[in-house]
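All remarks here apply to the structure that follows.
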Amino acid sequence: MKIAKKSLITVVVTASVALFAGIAEAATIKFKTIGGDSGSNAARRDNFFRVIFEEGPENVYIDQLILDLSADPDASFNFSRPRRAPQVGNNSDVTDAEFSYSLDGQQLLTLDFADGAFTTGETLMFGMNTNNVGPGFFDPGGDFGLAGVTFDVTLSNGTFGTGTFERQSRRRSVAVANILDPEPVPESSTVLGLFAILGMSGFSLKRLNQ
């Protein structure tokens, strides 16, 4: 009798874990700055900024990305000429037709992506002009880490994360946003299924105790 009861409890616990396993799946978005300068000739450096959607839940995509220069009060975006605005690289998985951008003042750049445009395993490569990030007027990749620049990312299911750039070399910085719980609420069918299993287990344990 004890063996049967123990087996039933094991089944219940295993089923519960299986039902909620999807909740623990992580999402990782990596943002890199690579190069000598984001530059006034950004159209020629169209892979200086690289956003990589390394992993995430199935059928979830990046909805919005915000690059925030405000950690450095002197830093700014400079889109005074068309070639200084975001220019998408030829090797980018996400094309310029799949997102729009807007500026809030001179320090917040927002990229809004079309539904399903930026999915797991894809990379966005682009260039644009910034000034005075870090110690000087020119902005090599490492200056974004020196300045403590941040980015925010929002996924299509409403979850979000933040990453802060860290300097790796004079020409390179990397920021990582880890969303540890990208699916915080299980679907109603999952909850009902769990309740059904727990209810059945309670009934079975009661019979075993009789």
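Chain labels A, B, ... are given in the sequence in which chains occur in the structure tokens; within each chain residues are numbered consecutively from 1, and ligands are likewise numbered from 1 in the order shown.
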
Determine which residues of segment 94-194 of chain A DSSP labels as alpha helix (DSSP H) from the backbone of this structure, then write them out as a list in words.
->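 Result set for segment 94-194 of chain A (alpha helix (DSSP H)): Gly142, Asp143, Phe144, Gly145, Leu146, Ala147, Ser188, Ser189, Thr190, Val191, Leu192, Gly193 and Leu194 of chain A.
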
Which polymer residues have any atom within 9 Å of an atom of Phe31 of chain A, counting only C-alpha atoms, with same-chain residues fewer than 5 positions away left out, as a PDB file with N, CA, C and O atoms, in the first residue's frame?
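Ended up saving to part13.pdb:
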ATOM      1  N   PHE A  49      26.262  48.397 -34.417  1.00  0.00           N
ATOM      2  CA  PHE A  49      25.330  47.927 -33.395  1.00  0.00           C
ATOM      3  C   PHE A  49      24.769  46.573 -33.816  1.00  0.00           C
ATOM      4  O   PHE A  49      24.302  46.418 -34.949  1.00  0.00           O
ATOM      5  N   ARG A  50      24.804  45.601 -32.896  1.00  0.00           N
ATOM      6  CA  ARG A  50      24.310  44.257 -33.202  1.00  0.00           C
ATOM      7  C   ARG A  50      23.439  43.772 -32.045  1.00  0.00           C
ATOM      8  O   ARG A  50      23.916  43.633 -30.920  1.00  0.00           O
ATOM      9  N   VAL A  51      22.190  43.516 -32.349  1.00  0.00           N
ATOM     10  CA  VAL A  51      21.252  42.981 -31.359  1.00  0.00           C
ATOM     11  C   VAL A  51      20.970  41.535 -31.727  1.00  0.00           C
ATOM     12  O   VAL A  51      20.515  41.250 -32.838  1.00  0.00           O
ATOM     13  N   ILE A  52      21.232  40.629 -30.789  1.00  0.00           N
ATOM     14  CA  ILE A  52      21.099  39.196 -31.050  1.00  0.00           C
ATOM     15  C   ILE A  52      20.055  38.603 -30.109  1.00  0.00           C
ATOM     16  O   ILE A  52      20.203  38.677 -28.886  1.00  0.00           O
ATOM     17  N   PHE A  53      19.007  38.036 -30.674  1.00  0.00           N
ATOM     18  CA  PHE A  53      17.976  37.356 -29.877  1.00  0.00           C
ATOM     19  C   PHE A  53      18.433  35.905 -29.744  1.00  0.00           C
ATOM     20  O   PHE A  53      18.094  35.056 -30.550  1.00  0.00           O
ATOM     21  N   PHE A 151      20.078  49.360 -22.297  1.00  0.00           N
ATOM     22  CA  PHE A 151      18.984  49.149 -23.251  1.00  0.00           C
ATOM     23  C   PHE A 151      17.873  48.361 -22.574  1.00  0.00           C
ATOM     24  O   PHE A 151      18.121  47.563 -21.663  1.00  0.00           O
ATOM     25  N   GLY A 163      19.545  45.596 -19.967  1.00  0.00           N
ATOM     26  CA  GLY A 163      20.961  45.246 -19.982  1.00  0.00           C
ATOM     27  C   GLY A 163      21.813  46.496 -19.915  1.00  0.00           C
ATOM     28  O   GLY A 163      21.424  47.552 -20.433  1.00  0.00           O
ATOM     29  N   PHE A 165      25.722  48.019 -20.737  1.00  0.00           N
ATOM     30  CA  PHE A 165      26.925  47.728 -21.501  1.00  0.00           C
ATOM     31  C   PHE A 165      28.145  47.657 -20.591  1.00  0.00           C
ATOM     32  O   PHE A 165      28.321  48.477 -19.691  1.00  0.00           O
ATOM     33  N   SER A 173      31.925  46.700 -26.647  1.00  0.00           N
ATOM     34  CA  SER A 173      31.167  46.573 -25.397  1.00  0.00           C
ATOM     35  C   SER A 173      30.003  45.626 -25.639  1.00  0.00           C
ATOM     36  O   SER A 173      29.522  45.488 -26.776  1.00  0.00           O
ATOM     37  N   VAL A 174      29.530  44.983 -24.565  1.00  0.00           N
ATOM     38  CA  VAL A 174      28.423  44.029 -24.673  1.00  0.00           C
ATOM     39  C   VAL A 174      27.467  44.233 -23.508  1.00  0.00           C
ATOM     40  O   VAL A 174      27.897  44.407 -22.365  1.00  0.00           O
ATOM     41  N   ALA A 175      26.179  44.209 -23.811  1.00  0.00           N
ATOM     42  CA  ALA A 175      25.131  44.246 -22.787  1.00  0.00           C
ATOM     43  C   ALA A 175      24.222  43.043 -22.981  1.00  0.00           C
ATOM     44  O   ALA A 175      23.926  42.657 -24.120  1.00  0.00           O
ATOM     45  N   VAL A 176      23.770  42.451 -21.890  1.00  0.00           N
ATOM     46  CA  VAL A 176      22.916  41.267 -21.953  1.00  0.00           C
ATOM     47  C   VAL A 176      21.670  41.485 -21.106  1.00  0.00           C
ATOM     48  O   VAL A 176      21.774  41.886 -19.938  1.00  0.00           O
ATOM     49  N   ALA A 177      20.507  41.258 -21.685  1.00  0.00           N
ATOM     50  CA  ALA A 177      19.244  41.277 -20.953  1.00  0.00           C
ATOM     51  C   ALA A 177      18.751  39.845 -20.822  1.00  0.00           C
ATOM     52  O   ALA A 177      18.497  39.178 -21.824  1.00  0.00           O
TER      53      ALA A 177
END

What does the distance from atom CA of Gly116 of chain A to atom CA of Tyr61 of chain A come to in Å, to one decimal?
->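 Computed distance, atom CA of Gly116 of chain A to atom CA of Tyr61 of chain A, equals 5.7 Å.
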
If you measure from atom CA of Arg167 of chain A to atom CA of Pro135 of chain A, what distance in Å do you get, rounded to one decimal?
->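 Taking atom CA of Arg167 of chain A and atom CA of Pro135 of chain A, their separation equals 13.1 Å.
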
Quick one: of A:Ser169, A:Asn91, A:Thr28, A:Thr150, who's nearest to Gly56 of chain A, counting only C-alpha atoms?
->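 Selected residue with least distance to Gly56 of chain A: A:Thr28.
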